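Visitor: This one is query27.cif, mmCIF, C-alpha atoms.
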data_upload
#
loop_
_atom_site.group_PDB
_atom_site.id
_atom_site.type_symbol
_atom_site.label_atom_id
_atom_site.label_comp_id
_atom_site.auth_asym_id
_atom_site.auth_seq_id
_atom_site.Cartn_x
_atom_site.Cartn_y
_atom_site.Cartn_z
ATOM 1 C CA MET A 4 85.685 63.029 58.580
ATOM 2 C CA ARG A 5 87.611 64.649 55.761
ATOM 3 C CA TYR A 6 87.146 68.119 54.268
ATOM 4 C CA ALA A 7 87.104 66.725 50.713
ATOM 5 C CA ASP A 8 84.001 64.677 51.601
ATOM 6 C CA GLY A 9 81.930 67.853 52.085
ATOM 7 C CA PRO A 10 80.964 67.404 55.737
ATOM 8 C CA THR A 11 77.724 69.018 56.866
ATOM 9 C CA THR A 12 76.034 70.208 60.018
ATOM 10 C CA GLU A 13 72.632 71.619 60.877
ATOM 11 C CA ALA A 14 70.408 72.988 63.603
ATOM 12 C CA THR A 15 66.614 73.041 63.821
ATOM 13 C CA ALA A 16 64.166 74.983 65.980
ATOM 14 C CA ARG A 17 60.460 75.728 66.098
ATOM 15 C CA VAL A 18 59.596 79.417 65.855
ATOM 16 C CA ALA A 19 56.231 80.656 67.158
ATOM 17 C CA ALA A 20 55.608 82.772 64.055
ATOM 18 C CA PRO A 21 54.298 82.150 60.537
ATOM 19 C CA PRO A 22 56.793 81.303 57.746
ATOM 20 C CA GLN A 23 56.497 84.760 56.139
ATOM 21 C CA ALA A 24 57.690 86.516 59.315
ATOM 22 C CA VAL A 25 60.573 84.055 59.679
ATOM 23 C CA TRP A 26 61.418 84.442 55.978
ATOM 24 C CA GLU A 27 61.777 88.209 56.320
ATOM 25 C CA LEU A 28 64.425 87.747 59.024
ATOM 26 C CA VAL A 29 66.474 84.901 57.503
ATOM 27 C CA THR A 30 66.737 86.720 54.173
ATOM 28 C CA ASP A 31 67.889 89.952 55.814
ATOM 29 C CA PRO A 32 71.723 89.974 55.706
ATOM 30 C CA GLU A 33 71.902 92.758 58.300
ATOM 31 C CA PHE A 34 69.829 90.740 60.781
ATOM 32 C CA LEU A 35 72.037 87.684 60.220
ATOM 33 C CA ALA A 36 75.191 89.742 60.781
ATOM 34 C CA ARG A 37 73.787 91.100 64.055
ATOM 35 C CA ALA A 38 72.981 87.561 65.222
ATOM 36 C CA SER A 39 76.356 86.098 64.276
ATOM 37 C CA THR A 40 79.564 86.225 66.270
ATOM 38 C CA GLU A 41 81.605 85.622 63.112
ATOM 39 C CA MET A 42 79.834 87.564 60.357
ATOM 40 C CA GLN A 43 80.460 91.228 61.099
ATOM 41 C CA ARG A 44 78.644 92.802 58.131
ATOM 42 C CA ALA A 45 76.633 91.552 55.182
ATOM 43 C CA SER A 46 74.717 93.142 52.343
ATOM 44 C CA TRP A 47 73.162 92.394 48.995
ATOM 45 C CA GLY A 48 75.378 93.204 46.016
ATOM 46 C CA GLU A 49 75.031 96.648 44.481
ATOM 47 C CA GLY A 50 71.912 96.703 42.345
ATOM 48 C CA ASP A 51 70.938 93.165 43.366
ATOM 49 C CA GLU A 52 67.414 92.417 44.489
ATOM 50 C CA PRO A 53 67.092 89.439 46.819
ATOM 51 C CA GLY A 54 66.417 86.324 44.746
ATOM 52 C CA LEU A 55 67.986 83.561 42.720
ATOM 53 C CA GLY A 56 71.365 84.643 41.344
ATOM 54 C CA ALA A 57 71.688 87.669 43.641
ATOM 55 C CA ARG A 58 75.062 88.278 45.264
ATOM 56 C CA LEU A 59 75.741 88.576 48.980
ATOM 57 C CA HIS A 60 78.836 90.285 50.326
ATOM 58 C CA GLY A 61 80.009 89.278 53.787
ATOM 59 C CA HIS A 62 82.777 90.435 56.116
ATOM 60 C CA HIS A 63 83.807 87.990 58.823
ATOM 61 C CA ARG A 64 86.078 87.725 61.828
ATOM 62 C CA HIS A 65 87.355 84.761 63.850
ATOM 63 C CA ASP A 66 89.918 84.935 66.656
ATOM 64 C CA ALA A 67 92.033 82.096 65.215
ATOM 65 C CA ILE A 68 91.708 83.044 61.529
ATOM 66 C CA GLY A 69 91.503 86.820 61.480
ATOM 67 C CA GLU A 70 89.309 88.798 59.078
ATOM 68 C CA TRP A 71 88.145 87.930 55.576
ATOM 69 C CA SER A 72 85.481 88.801 53.032
ATOM 70 C CA THR A 73 83.252 86.543 50.975
ATOM 71 C CA VAL A 74 81.043 86.834 47.935
ATOM 72 C CA SER A 75 78.185 84.380 47.686
ATOM 73 C CA THR A 76 75.561 83.688 45.063
ATOM 74 C CA VAL A 77 71.970 82.793 45.931
ATOM 75 C CA THR A 78 71.562 79.277 44.535
ATOM 76 C CA GLY A 79 68.189 78.443 46.076
ATOM 77 C CA TRP A 80 65.267 80.829 46.485
ATOM 78 C CA GLU A 81 61.726 79.650 47.162
ATOM 79 C CA PRO A 82 60.007 82.496 49.066
ATOM 80 C CA GLY A 83 58.700 81.368 52.418
ATOM 81 C CA ARG A 84 60.409 77.986 52.104
ATOM 82 C CA LEU A 85 64.094 77.903 51.031
ATOM 83 C CA PHE A 86 67.025 80.330 51.000
ATOM 84 C CA GLU A 87 70.421 78.951 49.958
ATOM 85 C CA TRP A 88 73.698 80.666 49.117
ATOM 86 C CA THR A 89 76.965 79.292 47.798
ATOM 87 C CA VAL A 90 80.207 80.900 48.921
ATOM 88 C CA GLU A 91 82.336 81.476 45.855
ATOM 89 C CA PRO A 92 85.913 80.215 45.789
ATOM 90 C CA GLY A 93 88.745 82.619 46.478
ATOM 91 C CA GLY A 94 91.007 80.736 44.075
ATOM 92 C CA ASP A 95 90.857 77.582 41.991
ATOM 93 C CA GLY A 96 88.328 74.954 42.956
ATOM 94 C CA GLY A 97 84.684 74.769 43.793
ATOM 95 C CA ALA A 98 82.595 76.595 46.324
ATOM 96 C CA THR A 99 84.088 76.960 49.783
ATOM 97 C CA ALA A 100 80.697 76.329 51.451
ATOM 98 C CA VAL A 101 76.953 76.139 50.904
ATOM 99 C CA TRP A 102 74.531 77.523 53.499
ATOM 100 C CA ARG A 103 70.749 77.050 53.628
ATOM 101 C CA PHE A 104 67.650 77.972 55.604
ATOM 102 C CA GLU A 105 64.577 75.753 55.195
ATOM 103 C CA LEU A 106 61.176 76.794 56.563
ATOM 104 C CA THR A 107 58.312 74.360 57.133
ATOM 105 C CA PRO A 108 54.856 75.497 58.318
ATOM 106 C CA ASP A 109 53.947 73.902 61.659
ATOM 107 C CA GLY A 110 50.474 74.817 62.872
ATOM 108 C CA ASP A 111 50.655 78.503 63.783
ATOM 109 C CA GLY A 112 54.463 78.438 63.735
ATOM 110 C CA THR A 113 57.428 77.439 61.613
ATOM 111 C CA VAL A 114 60.091 74.777 61.847
ATOM 112 C CA LEU A 115 63.326 76.528 60.867
ATOM 113 C CA ARG A 116 66.358 74.504 59.824
ATOM 114 C CA GLN A 117 69.798 75.919 59.043
ATOM 115 C CA TRP A 118 72.188 73.610 57.209
ATOM 116 C CA ALA A 119 75.701 74.034 55.817
ATOM 117 C CA ARG A 120 78.283 72.027 53.860
ATOM 118 C CA MET A 121 82.022 72.630 53.803
ATOM 119 C CA GLY A 122 83.927 72.694 50.527
ATOM 120 C CA PRO A 123 84.768 71.168 48.252
ATOM 121 C CA GLY A 124 86.828 74.195 47.209
ATOM 122 C CA PRO A 125 89.675 75.433 49.373
ATOM 123 C CA SER A 126 88.964 77.739 52.299
ATOM 124 C CA GLY A 127 90.794 79.115 55.295
ATOM 125 C CA LEU A 128 90.365 75.701 56.884
ATOM 126 C CA SER A 129 92.338 74.135 54.035
ATOM 127 C CA GLN A 130 95.488 75.958 55.151
ATOM 128 C CA ALA A 131 95.249 74.467 58.652
ATOM 129 C CA ILE A 132 94.677 71.000 57.194
ATOM 130 C CA GLU A 133 97.703 71.360 54.889
ATOM 131 C CA ARG A 134 99.835 72.419 57.839
ATOM 132 C CA TRP A 135 98.634 69.595 60.125
ATOM 133 C CA PRO A 136 97.324 66.801 57.839
ATOM 134 C CA ASP A 137 97.392 64.263 60.687
ATOM 135 C CA LYS A 138 94.877 66.458 62.556
ATOM 136 C CA GLU A 139 92.423 66.935 59.671
ATOM 137 C CA GLU A 140 89.588 65.076 61.362
ATOM 138 C CA ARG A 141 89.920 67.116 64.572
ATOM 139 C CA ILE A 142 90.192 70.376 62.617
ATOM 140 C CA VAL A 143 87.054 69.621 60.571
ATOM 141 C CA GLU A 144 85.065 68.426 63.582
ATOM 142 C CA GLY A 145 86.054 71.521 65.558
ATOM 143 C CA ARG A 146 84.967 73.859 62.778
ATOM 144 C CA LEU A 147 81.675 72.001 62.351
ATOM 145 C CA ARG A 148 81.041 72.446 66.094
ATOM 146 C CA GLU A 149 81.678 76.186 65.698
ATOM 147 C CA TRP A 150 79.297 76.331 62.747
ATOM 148 C CA ARG A 151 76.581 74.469 64.668
ATOM 149 C CA THR A 152 76.976 76.783 67.670
ATOM 150 C CA GLY A 153 76.612 79.758 65.307
ATOM 151 C CA MET A 154 73.529 78.212 63.716
ATOM 152 C CA GLU A 155 71.935 77.674 67.110
ATOM 153 C CA ARG A 156 72.655 81.335 67.913
ATOM 154 C CA ASN A 157 70.979 82.363 64.622
ATOM 155 C CA LEU A 158 67.881 80.292 65.374
ATOM 156 C CA ASP A 159 67.724 81.669 68.921
ATOM 157 C CA ALA A 160 67.924 85.221 67.529
ATOM 158 C CA VAL A 161 64.989 84.521 65.204
ATOM 159 C CA ARG A 162 62.932 83.092 68.080
ATOM 160 C CA GLU A 163 63.826 86.009 70.367
ATOM 161 C CA ARG A 164 62.897 88.549 67.711
ATOM 162 C CA LEU A 165 59.586 86.944 66.797
ATOM 163 C CA GLY A 166 58.523 86.010 70.314
#
Is it possible to express this structure as structure tokens?
Guide:
Amino acid sequence: MRYADGPTTEATARVAAPPQAVWELVTDPEFLARASTEMQRASWGEGDEPGLGARLHGHHRHDAIGEWSTVSTVTGWEPGRLFEWTVEPGGDGGATAVWRFELTPDGDGTVLRQWARMGPGPSGLSQAIERWPDKEERIVEGRLREWRTGMERNLDAVRERLG
């Protein structure tokens, strides 16, 4: 698995709440930051209303990487169904990641899926790959495992909050 191929991961859970209640949580950057071990703070851009084209500002921390900030643009917004944001590149190249929540009604509840794709633009992971190119597959797989663990934590937080 190579970074340039845009590897993905996802997690899915059923939430015992209607899509609108789930939507309110997954589109709340402050809730997501409280649920995450990596995202420390997040907020909508100054003057931005949540919706297509809005900007999200995030501040993150990882023991092996340190601290960094991101700016993302909402690239998918279908209220009650889809929320997607693309992390803008810090330098030349494309997006560093794309993240998405998908909500599907399921009886009196909601199936919630979180999905993410790495790259193709350079990110903090790119530096590790450049330093140890023979370990690229292990580096990418390890980071995808971290992402999936974080996604599962996010989904658990939604379920805990909504009962």
Visitor: Determine the residue membership of the PyMOL selection byres ((chain A and resi 59) around 10) for the file above and supply it as a PyMOL selection string.
Guide: chain A and resi 32+45-49+51+53+56-58+60-61+73-77+88-90
Visitor: Could you tell me, as number ranges by chain, exactly which residues end up selected when the PyMOL selection byres ((chain A and resi 109) around 10) is applied to this structure?
Guide: A: 17-22, 106-108, 110-115
Visitor: For a test of reading the model, state the distance in Å between CA of Leu147 (chain A) and CA of Thr12 (chain A), rounded to one decimal.
Guide: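 CA of Leu147 (chain A) sits 6.4 Å away from CA of Thr12 (chain A).
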Visitor: What is the distance between CA of Glu87 (chain A) and CA of Ala38 (chain A), in Å to one decimal?
Guide: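 We find that CA of Glu87 (chain A) and CA of Ala38 (chain A) lie 17.7 Å from each other.
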Visitor: What's the 8 Å shell around Glu140 (chain A), counting only C-alpha atoms, without same-chain residues fewer than 3 positions away, as a list in words?
Guide: Met4, Arg5, Asp137, Val143 and Glu144 of chain A
Visitor: May I ask for the distance between CA of Glu52 (chain A) and CA of Gly79 (chain A), given in Å to one decimal place?
Guide: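 Rounded to one decimal, the two atoms are 14.1 Å apart.
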Visitor: As a PyMOL selection string, please: the residues near Pro82 (chain A) (cut-off 10 Å, all atoms listed in the file, same-chain neighbours under 5 positions excluded).
Guide: chain A and resi 22-23+26-27+30+54+106
Visitor: If you apply the PyMOL selection byres ((chain A and resi 7) around 12) to this file, what residues do you get, as a list in words?
Guide: Met4, Arg5, Tyr6, Asp8, Gly9, Pro10, Thr11, Gly96, Gly97, Ala98, Thr99, Ala100, Arg120, Met121, Gly122, Pro123, Gly124, Pro125, Ser126, Leu128, Ser129, Ile132, Glu139, Glu140 and Val143 of chain A
Visitor: Counting only C-alpha atoms, select every polymer residue within 7 Å of (72.4, 78.2, 53.3) as defined in the file's coordinates, and provide the selection as a JSON list (two decimals) with C-alpha atoms, keeping the file's coordinate frame.
Guide:
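Output saved as selection06.json:
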[["chain", "number", "residue", "atom", "x", "y", "z"],
["A", 86, "PHE", "CA", 67.03, 80.33, 51.00],
["A", 87, "GLU", "CA", 70.42, 78.95, 49.96],
["A", 88, "TRP", "CA", 73.70, 80.67, 49.12],
["A", 101, "VAL", "CA", 76.95, 76.14, 50.90],
["A", 102, "TRP", "CA", 74.53, 77.52, 53.50],
["A", 103, "ARG", "CA", 70.75, 77.05, 53.63],
["A", 104, "PHE", "CA", 67.65, 77.97, 55.60],
["A", 117, "GLN", "CA", 69.80, 75.92, 59.04],
["A", 118, "TRP", "CA", 72.19, 73.61, 57.21],
["A", 119, "ALA", "CA", 75.70, 74.03, 55.82]]
Visitor: Identify the residues within 9 Å of coordinate (61.9, 86.7, 66.9) (same frame as the file), considering only C-alpha atoms, and give the answer as a ChimeraX atom specification.
Guide: /A:18-20,24-25,28,158-166
Visitor: Nearest to Arg116 (chain A): which of A:Glu149, A:Glu13, A:Glu70, A:Glu41 is it, counting only C-alpha atoms?
Guide: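 Smallest distance to Arg116 (chain A) is found for A:Glu13.
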Visitor: Closest to Phe34 (chain A) among A:Gly50, A:Trp71, A:Glu133, A:Asn157, using all atoms listed in the file?
Guide: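 Distance minimum relative to Phe34 (chain A) lands on A:Asn157.
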Visitor: Using all atoms listed in the file, can you tell me which of A:Lys138, A:His63, A:Arg84, A:Arg146 comes closest to Glu105 (chain A)?
Guide: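 Result for the nearest residue to Glu105 (chain A): A:Arg84.
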